[in-house]
$ cat structure.tsv   # TSV, C-alpha atoms and all ligand atoms
chain	number	residue	atom	x	y	z
A	28	MET	CA	195.63	-16.65	-87.33
A	29	LYS	CA	192.51	-18.51	-86.22
A	30	ILE	CA	189.08	-16.89	-86.18
A	31	LEU	CA	185.87	-18.00	-84.49
A	32	ALA	CA	182.94	-16.63	-86.52
A	33	LEU	CA	179.32	-16.35	-85.38
A	34	GLU	CA	176.16	-15.74	-87.40
A	35	THR	CA	172.69	-15.29	-85.87
A	36	SER	CA	171.02	-12.73	-88.14
A	37	CYS	CA	168.01	-14.83	-89.11
A	38	ASP	CA	167.03	-18.46	-88.61
A	39	GLU	CA	170.39	-20.26	-88.60
A	40	THR	CA	172.61	-20.40	-85.54
A	41	ALA	CA	176.05	-20.78	-87.08
A	42	ALA	CA	179.60	-21.00	-85.75
A	43	ALA	CA	182.76	-21.61	-87.77
A	44	VAL	CA	186.49	-21.73	-87.19
A	45	LEU	CA	188.80	-20.51	-89.96
A	46	GLU	CA	192.55	-20.59	-90.27
A	47	ILE	CA	193.80	-17.58	-92.16
A	48	LYS	CA	197.31	-17.10	-93.51
A	49	LYS	CA	198.80	-14.16	-95.31
A	50	THR	CA	200.88	-15.30	-98.26
A	51	GLU	CA	202.97	-13.50	-100.86
A	52	ASN	CA	201.78	-10.36	-102.67
A	53	GLU	CA	199.17	-9.52	-100.06
A	54	SER	CA	197.31	-12.73	-100.84
A	55	VAL	CA	195.33	-14.40	-98.08
A	56	PHE	CA	194.65	-18.11	-97.75
A	57	PHE	CA	191.47	-19.25	-95.97
A	58	SER	CA	190.85	-22.71	-94.68
A	59	VAL	CA	187.66	-23.77	-92.92
A	60	LEU	CA	188.46	-25.93	-89.88
A	61	ALA	CA	184.87	-26.26	-88.69
A	62	ASP	CA	181.51	-25.13	-89.99
A	63	ILE	CA	178.42	-25.70	-87.86
A	64	THR	CA	174.94	-24.54	-88.86
A	65	GLN	CA	172.01	-25.29	-86.63
A	66	SER	CA	168.87	-24.56	-88.65
A	67	GLN	CA	165.63	-23.43	-87.02
A	68	ILE	CA	163.59	-24.06	-90.15
A	69	SER	CA	161.37	-26.79	-88.69
A	70	LEU	CA	160.38	-24.50	-85.82
A	71	HIS	CA	159.52	-21.47	-87.96
A	72	ARG	CA	157.74	-23.67	-90.51
A	73	GLU	CA	154.76	-23.96	-88.18
A	74	TRP	CA	154.31	-20.18	-88.42
A	75	GLY	CA	154.95	-19.91	-92.15
A	76	GLY	CA	158.00	-17.66	-91.69
A	77	VAL	CA	160.64	-16.51	-89.24
A	78	VAL	CA	159.28	-15.28	-85.88
A	79	PRO	CA	161.94	-12.94	-84.39
A	80	SER	CA	161.22	-13.73	-80.72
A	81	LEU	CA	161.38	-17.48	-81.39
A	82	ALA	CA	164.57	-17.01	-83.40
A	83	LYS	CA	166.16	-15.17	-80.49
A	84	ARG	CA	165.17	-17.91	-78.04
A	85	GLU	CA	166.55	-20.66	-80.30
A	86	HIS	CA	169.81	-18.81	-80.94
A	87	ALA	CA	170.22	-18.39	-77.18
A	88	LYS	CA	169.67	-22.13	-76.70
A	89	ASN	CA	171.95	-23.24	-79.53
A	90	ILE	CA	174.82	-20.81	-79.70
A	91	ILE	CA	177.09	-22.18	-76.96
A	92	PRO	CA	176.63	-25.81	-78.11
A	93	ALA	CA	177.37	-24.69	-81.70
A	94	ILE	CA	180.54	-22.87	-80.58
A	95	GLY	CA	181.62	-25.85	-78.47
A	96	GLU	CA	181.12	-28.20	-81.39
A	97	ALA	CA	182.93	-25.92	-83.85
A	98	LEU	CA	185.92	-25.51	-81.53
A	99	GLU	CA	186.14	-29.23	-80.88
A	100	LEU	CA	185.83	-30.11	-84.57
A	101	SER	CA	188.54	-27.58	-85.44
A	102	GLY	CA	190.93	-29.31	-83.05
A	103	ALA	CA	191.29	-26.18	-80.90
A	104	GLN	CA	193.71	-26.41	-77.97
A	105	PHE	CA	192.48	-25.05	-74.64
A	106	ARG	CA	194.36	-23.62	-71.72
A	107	ARG	CA	193.17	-22.15	-68.45
A	108	ALA	CA	191.15	-18.93	-68.74
A	109	ASP	CA	191.69	-16.26	-66.11
A	110	LEU	CA	188.20	-15.34	-65.07
A	111	ASN	CA	187.79	-12.64	-62.45
A	112	THR	CA	184.77	-11.35	-60.58
A	113	LYS	CA	184.78	-8.06	-62.43
A	114	ASN	CA	184.62	-9.76	-65.83
A	115	GLU	CA	181.99	-12.20	-64.64
A	116	GLU	CA	179.85	-9.28	-63.49
A	117	ARG	CA	180.30	-7.54	-66.83
A	118	VAL	CA	179.15	-10.67	-68.64
A	119	ARG	CA	176.10	-10.97	-66.38
A	120	ALA	CA	175.24	-7.32	-67.10
A	121	MET	CA	175.58	-7.91	-70.87
A	122	PHE	CA	173.13	-10.79	-70.60
A	123	SER	CA	170.54	-9.09	-68.39
A	124	HIS	CA	168.03	-9.82	-71.22
A	125	LEU	CA	169.12	-13.47	-71.43
A	126	PRO	CA	170.44	-14.42	-67.97
A	127	GLU	CA	170.41	-18.15	-68.74
A	128	LEU	CA	172.69	-17.71	-71.72
A	129	GLY	CA	175.04	-15.58	-69.60
A	130	GLU	CA	175.35	-18.37	-67.04
A	131	THR	CA	175.77	-21.06	-69.74
A	132	LEU	CA	178.54	-19.00	-71.33
A	133	LEU	CA	180.35	-18.48	-68.02
A	134	SER	CA	180.14	-22.20	-67.18
A	135	PHE	CA	181.42	-23.06	-70.67
A	136	VAL	CA	184.49	-20.85	-70.28
A	137	LYS	CA	185.11	-22.09	-66.71
A	138	GLU	CA	184.94	-25.68	-67.85
A	139	LYS	CA	186.75	-25.41	-71.19
A	140	GLY	CA	189.15	-22.51	-70.69
A	141	LYS	CA	190.62	-20.37	-73.46
A	142	PRO	CA	191.08	-21.83	-76.96
A	143	ASP	CA	193.92	-20.97	-79.35
A	144	ILE	CA	191.68	-18.52	-81.22
A	145	ASP	CA	193.04	-15.08	-82.12
A	146	ALA	CA	189.84	-13.16	-82.83
A	147	ILE	CA	186.07	-13.45	-82.96
A	148	THR	CA	183.92	-12.07	-85.78
A	149	VAL	CA	180.16	-11.68	-85.60
A	150	THR	CA	177.33	-10.47	-87.82
A	151	VAL	CA	176.10	-7.04	-86.67
A	152	GLY	CA	173.57	-6.60	-89.51
A	153	PRO	CA	171.50	-6.54	-91.54
A	154	GLY	CA	169.04	-8.95	-89.96
A	155	LEU	CA	166.56	-9.38	-87.14
A	156	GLU	CA	167.82	-7.27	-84.24
A	157	PRO	CA	166.73	-9.56	-81.37
A	158	ALA	CA	168.50	-12.42	-83.18
A	159	LEU	CA	171.62	-10.38	-83.98
A	160	TRP	CA	172.03	-9.36	-80.33
A	161	VAL	CA	172.43	-13.00	-79.26
A	162	GLY	CA	175.49	-13.41	-81.47
A	163	ILE	CA	176.88	-9.96	-80.67
A	164	ASN	CA	176.61	-10.35	-76.88
A	165	THR	CA	178.08	-13.84	-77.06
A	166	ALA	CA	181.02	-12.64	-79.16
A	167	GLU	CA	181.62	-9.66	-76.90
A	168	ALA	CA	181.52	-11.75	-73.71
A	169	LEU	CA	183.87	-14.41	-75.11
A	170	GLY	CA	186.20	-11.69	-76.40
A	171	LEU	CA	186.32	-10.21	-72.91
A	172	LEU	CA	186.88	-13.51	-71.10
A	173	TRP	CA	189.43	-14.78	-73.63
A	174	ASN	CA	191.02	-11.35	-74.00
A	175	ILE	CA	190.94	-11.32	-77.81
A	176	PRO	CA	189.57	-8.77	-80.33
A	177	VAL	CA	186.00	-8.94	-81.65
A	178	ALA	CA	185.06	-7.56	-85.07
A	179	GLY	CA	181.59	-6.86	-86.42
A	180	ALA	CA	180.81	-8.07	-89.94
A	181	ASN	CA	178.24	-7.12	-92.55
A	182	HIS	CA	176.14	-10.15	-93.50
A	183	MET	CA	175.73	-9.03	-97.14
A	184	GLU	CA	179.46	-8.48	-97.53
A	185	GLY	CA	179.82	-12.05	-96.29
A	186	HIS	CA	177.54	-13.24	-99.10
A	187	ILE	CA	179.75	-11.48	-101.67
A	188	LEU	CA	182.99	-12.86	-100.24
A	189	SER	CA	181.56	-16.41	-100.24
A	190	ILE	CA	182.68	-16.74	-103.86
A	191	LEU	CA	186.25	-17.01	-102.58
A	192	LEU	CA	185.60	-20.46	-101.14
A	193	SER	CA	185.79	-23.75	-102.96
A	194	LYS	CA	183.75	-26.81	-102.03
A	195	ASN	CA	186.47	-28.14	-99.73
A	196	GLY	CA	186.35	-24.98	-97.62
A	197	GLN	CA	189.57	-23.45	-98.87
A	198	GLY	CA	190.13	-20.31	-100.81
A	199	THR	CA	192.60	-17.63	-101.72
A	200	TYR	CA	192.00	-13.93	-101.83
A	201	SER	CA	194.35	-11.87	-103.91
A	202	LYS	CA	194.17	-8.44	-105.47
A	203	LYS	CA	193.92	-10.08	-108.86
A	204	SER	CA	191.71	-13.07	-108.13
A	205	ILE	CA	188.89	-11.41	-110.03
A	206	ALA	CA	188.91	-8.57	-112.59
A	207	PHE	CA	187.36	-5.23	-111.61
A	208	PRO	CA	185.07	-3.40	-111.91
A	209	ALA	CA	182.71	-6.12	-110.75
A	210	LEU	CA	178.97	-6.23	-110.22
A	211	ALA	CA	177.39	-8.26	-107.44
A	212	LEU	CA	173.77	-9.40	-107.58
A	213	LEU	CA	172.72	-10.12	-104.01
A	214	VAL	CA	169.49	-12.02	-103.59
A	215	SER	CA	168.38	-13.18	-100.17
A	216	GLY	CA	165.34	-13.32	-97.93
A	217	GLY	CA	165.71	-9.67	-96.94
A	218	HIS	CA	167.67	-8.12	-99.82
A	219	THR	CA	167.82	-7.76	-103.57
A	220	GLU	CA	170.62	-5.44	-104.57
A	221	LEU	CA	173.05	-4.69	-107.35
A	222	ILE	CA	176.41	-3.60	-105.97
A	223	LEU	CA	179.15	-2.06	-108.07
A	224	MET	CA	182.67	-2.89	-106.89
A	225	GLU	CA	185.64	-0.93	-108.21
A	226	ASP	CA	187.88	-3.15	-106.12
A	227	TRP	CA	187.65	-5.72	-103.34
A	228	LEU	CA	185.88	-4.31	-100.27
A	229	SER	CA	184.59	-1.27	-102.17
A	230	TYR	CA	180.83	-1.24	-102.56
A	231	LYS	CA	178.29	1.06	-104.18
A	232	VAL	CA	174.60	0.14	-104.27
A	233	ILE	CA	173.35	0.93	-107.79
A	234	GLY	CA	169.99	-0.81	-107.60
A	235	GLN	CA	167.70	-2.45	-105.09
A	236	THR	CA	164.18	-3.68	-104.56
A	237	LYS	CA	161.53	-1.10	-103.84
A	238	ASP	CA	159.42	-3.60	-101.92
A	239	ASP	CA	159.86	-7.37	-101.43
A	240	ALA	CA	163.21	-9.08	-101.78
A	241	ALA	CA	163.47	-11.93	-104.31
A	242	GLY	CA	163.74	-14.57	-101.56
A	243	GLU	CA	160.81	-13.01	-99.73
A	244	ALA	CA	158.74	-13.24	-102.94
A	245	PHE	CA	159.66	-16.94	-103.24
A	246	ASP	CA	158.60	-17.45	-99.61
A	247	LYS	CA	155.30	-15.58	-100.00
A	248	VAL	CA	154.36	-17.26	-103.28
A	249	ALA	CA	155.17	-20.64	-101.73
A	250	ARG	CA	152.72	-19.83	-98.98
A	251	ILE	CA	150.03	-18.93	-101.52
A	252	LEU	CA	150.64	-22.30	-103.20
A	253	GLY	CA	150.43	-24.09	-99.85
A	254	LEU	CA	154.14	-24.95	-99.68
A	255	PRO	CA	156.22	-24.82	-96.48
A	256	TYR	CA	158.83	-22.23	-95.46
A	257	PRO	CA	161.43	-21.52	-96.84
A	258	GLY	CA	159.68	-21.24	-100.18
A	259	GLY	CA	162.65	-20.94	-102.54
A	260	PRO	CA	163.73	-24.59	-102.63
A	261	GLU	CA	160.07	-25.75	-102.58
A	262	ILE	CA	159.11	-23.61	-105.59
A	263	ALA	CA	162.20	-24.77	-107.48
A	264	LYS	CA	161.33	-28.41	-106.78
A	265	LEU	CA	157.72	-27.98	-107.85
A	266	ALA	CA	158.67	-26.02	-110.98
A	267	ALA	CA	161.02	-28.80	-112.05
A	268	GLN	CA	158.12	-31.25	-112.13
A	269	THR	CA	156.46	-29.71	-115.18
A	270	THR	CA	157.72	-29.37	-118.72
A	271	GLN	CA	154.39	-28.32	-120.19
A	272	THR	CA	154.22	-24.95	-121.91
A	273	SER	CA	152.56	-22.76	-119.39
A	274	THR	CA	149.22	-21.12	-120.02
A	275	ILE	CA	149.86	-18.85	-117.06
A	276	MET	CA	151.37	-15.46	-117.78
A	277	LEU	CA	152.87	-13.39	-114.99
A	278	PRO	CA	154.34	-9.88	-115.25
A	279	ARG	CA	158.09	-9.13	-115.36
A	280	PRO	CA	158.04	-6.09	-113.04
A	281	MET	CA	160.36	-3.19	-113.88
A	282	LEU	CA	162.07	-5.17	-116.60
A	283	HIS	CA	162.25	-2.14	-118.86
A	284	SER	CA	162.70	0.60	-116.26
A	285	LYS	CA	165.72	2.79	-116.92
A	286	ASP	CA	167.15	2.28	-113.44
A	287	PHE	CA	168.52	-0.91	-111.88
A	288	ASN	CA	165.84	-1.25	-109.24
A	289	PHE	CA	163.51	-4.18	-108.73
A	290	SER	CA	159.98	-4.78	-107.46
A	291	PHE	CA	158.55	-8.18	-106.64
A	292	SER	CA	155.45	-7.46	-104.61
A	293	GLY	CA	153.23	-6.99	-107.70
A	294	LEU	CA	154.38	-10.33	-109.03
A	295	LYS	CA	153.37	-12.00	-105.78
A	296	THR	CA	149.97	-10.25	-105.94
A	297	ALA	CA	149.54	-11.44	-109.54
A	298	VAL	CA	150.05	-15.01	-108.32
A	299	LEU	CA	147.55	-14.46	-105.53
A	300	TYR	CA	144.84	-13.12	-107.87
A	301	GLY	CA	145.57	-15.79	-110.46
A	302	VAL	CA	145.24	-18.57	-107.89
A	303	LYS	CA	142.02	-17.06	-106.52
A	304	LYS	CA	140.47	-17.11	-110.01
A	305	GLU	CA	141.30	-20.76	-110.63
A	306	LYS	CA	138.30	-23.05	-110.29
A	307	GLU	CA	140.49	-25.83	-109.04
A	308	MET	CA	144.13	-25.74	-107.96
A	309	THR	CA	145.32	-29.08	-109.26
A	310	GLU	CA	148.87	-30.26	-108.68
A	311	GLU	CA	149.63	-29.47	-112.34
A	312	LYS	CA	148.34	-25.91	-111.95
A	313	LYS	CA	150.52	-25.42	-108.88
A	314	GLN	CA	153.53	-26.65	-110.81
A	315	GLU	CA	152.75	-24.23	-113.64
A	316	TYR	CA	152.46	-21.28	-111.24
A	317	ALA	CA	155.72	-22.26	-109.57
A	318	ARG	CA	157.48	-22.50	-112.91
A	319	GLU	CA	156.12	-19.27	-114.37
A	320	PHE	CA	156.84	-17.37	-111.13
A	321	GLN	CA	160.39	-18.68	-110.92
A	322	GLU	CA	160.99	-17.80	-114.57
A	323	ALA	CA	159.58	-14.30	-114.11
A	324	VAL	CA	161.84	-13.56	-111.12
A	325	ILE	CA	164.91	-14.97	-112.82
A	326	GLU	CA	164.28	-13.19	-116.10
A	327	VAL	CA	164.08	-9.82	-114.34
A	328	LEU	CA	167.12	-10.51	-112.13
A	329	VAL	CA	169.31	-11.68	-114.98
A	330	LYS	CA	168.28	-9.08	-117.58
A	331	LYS	CA	168.71	-6.18	-115.17
A	332	THR	CA	172.06	-7.50	-114.00
A	333	ILE	CA	173.24	-7.67	-117.60
A	334	SER	CA	172.02	-4.11	-118.36
A	335	ALA	CA	173.78	-2.81	-115.25
A	336	ALA	CA	176.93	-4.72	-116.15
A	337	GLU	CA	176.89	-3.21	-119.65
A	338	ALA	CA	176.21	0.30	-118.37
A	339	HIS	CA	179.14	0.13	-115.96
A	340	GLY	CA	181.51	-1.83	-118.17
A	341	VAL	CA	182.15	-4.49	-115.55
A	342	GLN	CA	184.50	-7.41	-116.07
A	343	SER	CA	183.14	-9.77	-113.42
A	344	ILE	CA	179.69	-10.65	-112.14
A	345	ILE	CA	179.21	-12.09	-108.66
A	346	LEU	CA	176.09	-13.84	-107.42
A	347	GLY	CA	175.36	-14.08	-103.69
A	348	GLY	CA	172.65	-14.62	-101.04
A	349	GLY	CA	170.32	-17.54	-100.32
A	350	VAL	CA	168.51	-17.37	-103.68
A	351	SER	CA	171.87	-18.05	-105.37
A	352	ALA	CA	171.26	-21.69	-104.39
A	353	ASN	CA	168.63	-21.74	-107.16
A	354	THR	CA	169.84	-23.91	-110.03
A	355	LEU	CA	167.87	-22.14	-112.76
A	356	LEU	CA	169.17	-18.75	-111.62
A	357	ARG	CA	172.76	-20.01	-111.56
A	358	GLU	CA	172.49	-21.60	-115.00
A	359	THR	CA	170.59	-18.72	-116.61
A	360	LEU	CA	172.98	-16.07	-115.29
A	361	GLU	CA	176.06	-17.98	-116.45
A	362	LYS	CA	174.58	-18.69	-119.87
A	363	GLU	CA	173.27	-15.17	-120.51
A	364	VAL	CA	176.48	-13.52	-119.36
A	365	ALA	CA	178.53	-15.83	-121.60
A	366	GLU	CA	176.26	-15.00	-124.57
A	367	LYS	CA	175.68	-11.29	-124.07
A	368	LEU	CA	178.89	-10.19	-122.38
A	369	PRO	CA	181.72	-12.25	-123.80
A	370	GLY	CA	184.87	-11.90	-121.73
A	371	VAL	CA	182.94	-11.16	-118.53
A	372	LYS	CA	183.32	-13.90	-115.94
A	373	THR	CA	180.56	-15.07	-113.61
A	374	TYR	CA	181.40	-16.10	-110.04
A	375	LEU	CA	178.91	-18.27	-108.18
A	376	PRO	CA	179.23	-19.30	-104.54
A	377	GLU	CA	179.45	-23.02	-103.86
A	378	ARG	CA	175.95	-24.19	-102.97
A	379	LYS	CA	176.96	-24.99	-99.37
A	380	TYR	CA	178.04	-21.36	-98.95
A	381	SER	CA	175.03	-19.86	-100.78
A	382	THR	CA	172.64	-19.79	-97.86
A	383	ASP	CA	173.47	-18.36	-94.43
A	384	ASN	CA	176.61	-19.69	-92.76
A	385	ALA	CA	179.29	-18.46	-90.37
A	386	VAL	CA	182.24	-19.09	-92.68
A	387	MET	CA	181.40	-16.02	-94.77
A	388	ILE	CA	181.24	-13.97	-91.57
A	389	GLY	CA	184.75	-15.20	-90.74
A	390	ILE	CA	186.00	-13.86	-94.06
A	391	ALA	CA	184.12	-10.53	-93.95
A	392	GLY	CA	185.16	-10.11	-90.30
A	393	TYR	CA	188.79	-10.86	-91.12
A	394	PHE	CA	188.87	-7.95	-93.57
A	395	ALA	CA	187.10	-5.72	-91.04
A	396	LEU	CA	189.88	-6.57	-88.55
A	397	GLU	CA	192.59	-5.98	-91.15
A	398	GLN	CA	191.11	-2.64	-92.16
A	399	LYS	CA	190.73	-1.75	-88.45
A	400	LYS	CA	187.15	-1.01	-89.38
A	401	ASN	CA	185.82	-0.80	-85.81
A	402	THR	CA	182.20	-1.45	-86.73
A	403	PRO	CA	180.32	-0.85	-83.46
A	404	LEU	CA	179.19	-4.06	-81.77
A	405	VAL	CA	175.58	-3.03	-81.95
A	406	ALA	CA	172.78	-4.81	-83.82
A	407	GLN	CA	172.00	-2.85	-86.98
A	408	GLY	CA	168.88	-4.38	-88.53
A	409	ASN	CA	169.12	-2.21	-91.65
A	410	LEU	CA	172.88	-2.07	-92.03
A	411	SER	CA	173.78	-1.31	-95.64
A	412	PHE	CA	177.04	-1.03	-97.52
B	501	LIG	O1	170.76	-15.56	-97.47
B	501	LIG	P1	169.71	-16.41	-96.88
B	501	LIG	O2	170.04	-17.82	-96.50
B	501	LIG	O3	169.10	-15.70	-95.62
B	501	LIG	C1	168.94	-14.30	-95.59
B	501	LIG	O4	169.95	-13.61	-95.40
B	501	LIG	O5	167.79	-13.87	-95.87
B	501	LIG	O6	168.49	-16.42	-97.92
B	501	LIG	C2	167.29	-17.07	-97.61
B	501	LIG	C3	166.34	-16.94	-98.80
B	501	LIG	C4	164.94	-17.46	-98.49
B	501	LIG	O7	164.01	-16.50	-98.91
B	501	LIG	C5	164.85	-18.74	-99.32
B	501	LIG	O8	163.55	-19.02	-99.77
B	501	LIG	C6	165.78	-18.41	-100.48
B	501	LIG	O9	166.85	-17.71	-99.89
B	501	LIG	N1	166.28	-19.62	-101.14
B	501	LIG	C7	165.99	-19.94	-102.42
B	501	LIG	C8	166.58	-21.19	-102.66
B	501	LIG	N2	167.23	-21.59	-101.53
B	501	LIG	C9	167.03	-20.61	-100.61
B	501	LIG	N3	165.29	-19.27	-103.35
B	501	LIG	C10	165.14	-19.85	-104.55
B	501	LIG	N4	165.66	-21.05	-104.87
B	501	LIG	C11	166.38	-21.75	-103.96
B	501	LIG	N5	166.89	-22.94	-104.29
B	502	ZN	ZN	171.82	-14.25	-95.96
$ encode --input "structure.tsv" --output "structure tokens" --more "lines below"
Ligand code: KG4
Ligand code: ZN
Amino acid sequence: MKILALETSCDETAAAVLEIKKTENESVFFSVLADITQSQISLHREWGGVVPSLAKREHAKNIIPAIGEALELSGAQFRRADLNTKNEERVRAMFSHLPELGETLLSFVKEKGKPDIDAITVTVGPGLEPALWVGINTAEALGLLWNIPVAGANHMEGHILSILLSKNGQGTYSKKSIAFPALALLVSGGHTELILMEDWLSYKVIGQTKDDAAGEAFDKVARILGLPYPGGPEIAKLAAQTTQTSTIMLPRPMLHSKDFNFSFSGLKTAVLYGVKKEKEMTEEKKQEYAREFQEAVIEVLVKKTISAAEAHGVQSIILGGGVSANTLLRETLEKEVAEKLPGVKTYLPERKYSTDNAVMIGIAGYFALEQKKNTPLVAQGNLSF
């Protein structure tokens, strides 16, 4: 089957087309036919972070072009779509909050017709609700006009399932492709969670941040150091420029707490106070702060993941979410797991699938369809597992 997947939960407008085939022994083969991500970073940069109303406006502007491009790139075949007045009216009603997008979508379907797509999947949460609605309404309207099913997908589940994909956009899911139980460390702009998985598609949150997410801490500390949004890659770049032993000492919050929860807001405040006390913020000082901050976050993430993995006797560790693009985190996690938990395998997403994309929503949505999960097509900003 072919799936069109849409992702608009934050600041990327993304559309992908996946071909999915069931093979022997309940295995599933995924192949990415098109993967379009239209980033809004340069727009939000001016404001130092994502502005939900601007994100919504940009998604509304970019989503139909992104879908058109993804379908074309995938080599989709179109035939005539049977539009009728009743359906057109329903689409207009769906888009009463974004009438322009409603009209663009109707013109697109009138001009292009119906592609050989079997289902649409779309992120329903977690994320920014005004942004999520753009994707959800678009998916619902196209599903209606093309007369195909629409499935809601959980963005964080998408991040976990990203490990199934190789660099060339192909991947195989099978019952035995990883050993269970598994532990997933999810680190993104909005989330920092440890998820215990007894099997594929079975999730139990065993730890999470009490305040800021790891990515959010990177973004906030970047701002303190005068770096642009998003802060993660900027901090990593700056940190890599110094090899000096740091004189700056930052806390490792909750490193020794008995639970598997995290807290990063105190660490950010420690950077803020430290920077305020400096007589002069030289480039070298900035580099040292970036390095010490990055090391503090990674030390806590990795050590707590290893304690949780030991406590639950897991056989696999999965890393996911935008912060998983961080080289030091990837290397430290792999190295520490190999040293401290011999026999446990670490699964990292390919870098191109680490940050937000629609491909992962295609995969998560495919399983939602298979499980007949009927997630309501309603934006759920705080959707959890
Ligand atoms: O998953 P994602 O793309 O979007 C959300 O779902 O939030 O994650 C975005 C977060 C941002 O906070 C960004 O600063 C962080 O991931 N990030 C990184 C790196 N690349 C992106 N953090 C640290 N190092 C990186 N290389
Ligand atoms: Zn994400």
$ residues_near_ligand --input "structure.tsv" --ligand "ligand ZN 502 (chain B)" --cutoff "12 Å" --atoms "only C-alpha atoms and all ligand atoms" --output "PyMOL selection string"
chain A and resi 34-39+41+150+152-155+181-187+189+213-219+240+242-243+347-352+380-388
$ axis_aligned_box --input "structure.tsv" --around "ligand LIG 501 (chain B)" --padding-each-side "4 Å" --output "AutoDock Vina command-line options"
--center_x 167.2 --center_y -18.3 --center_z -100.1 --size_x 15.2 --size_y 17.3 --size_z 17.5
$ residues_around --input "structure.tsv" --residues "Glu116 of chain A" --least-positions-apart "4" --cutoff "12 Å" --atoms "all atoms listed in the file" --output "ChimeraX atom specification"
/A:110-112,120-123,126,129-130,133,168,171-172
$ closest_atom_pairs --input "structure.tsv" --of "segment 308-338 of chain A" --to "segment 223-238 of chain A" --cutoff "10 Å" --atoms "all atoms listed in the file" --output "tab-separated table"
residue	atom	partner	partner_atom	distance
A:Lys331	CA	A:Gly234	CA	9.4
A:Thr332	CA	A:Gly234	CA	9.5
A:Ala335	CA	A:Ile233	CA	8.4
A:Ala336	CA	A:Leu223	CA	8.8
$ atom_distance --input "structure.tsv" --atom1 "atom CA of Tyr374 of chain A" --atom2 "atom CA of Leu192 of chain A"
10.8 Å
$ build_atoms --input "structure.tsv" --residues "segment 305-309 of chain A" --atoms "all heavy atoms" --output "tab-separated table (two decimals), in the frame of the given file"
chain	number	residue	atom	x	y	z
A	305	GLU	N	141.33	-19.37	-110.16
A	305	GLU	CA	141.30	-20.76	-110.63
A	305	GLU	C	140.13	-21.51	-110.00
A	305	GLU	O	139.90	-21.38	-108.80
A	305	GLU	CB	142.61	-21.49	-110.25
A	305	GLU	CG	143.86	-20.92	-110.86
A	305	GLU	CD	143.98	-21.14	-112.35
A	305	GLU	OE1	143.22	-21.98	-112.91
A	305	GLU	OE2	144.81	-20.45	-112.97
A	306	LYS	N	139.43	-22.27	-110.84
A	306	LYS	CA	138.30	-23.05	-110.29
A	306	LYS	C	138.83	-24.14	-109.38
A	306	LYS	O	138.31	-24.41	-108.32
A	306	LYS	CB	137.49	-23.65	-111.44
A	306	LYS	CG	136.58	-22.64	-112.09
A	306	LYS	CD	135.53	-23.35	-112.97
A	306	LYS	CE	134.96	-22.38	-113.98
A	306	LYS	NZ	135.90	-22.08	-115.07
A	307	GLU	N	139.91	-24.74	-109.84
A	307	GLU	CA	140.49	-25.83	-109.04
A	307	GLU	C	142.01	-25.74	-109.11
A	307	GLU	O	142.57	-25.61	-110.20
A	307	GLU	CB	140.02	-27.17	-109.63
A	307	GLU	CG	140.20	-28.32	-108.67
A	307	GLU	CD	140.04	-29.66	-109.39
A	307	GLU	OE1	139.62	-29.66	-110.56
A	307	GLU	OE2	140.38	-30.68	-108.79
A	308	MET	N	142.66	-25.78	-107.96
A	308	MET	CA	144.13	-25.74	-107.96
A	308	MET	C	144.66	-27.17	-107.98
A	308	MET	O	144.96	-27.76	-106.94
A	308	MET	CB	144.66	-25.01	-106.72
A	308	MET	CG	144.90	-23.53	-106.92
A	308	MET	SD	145.83	-23.10	-108.40
A	308	MET	CE	147.48	-23.09	-107.77
A	309	THR	N	144.78	-27.72	-109.15
A	309	THR	CA	145.32	-29.08	-109.26
A	309	THR	C	146.82	-29.03	-109.03
A	309	THR	O	147.43	-27.96	-109.06
A	309	THR	CB	145.07	-29.63	-110.68
A	309	THR	OG1	145.69	-28.71	-111.58
A	309	THR	CG2	143.59	-29.76	-110.98
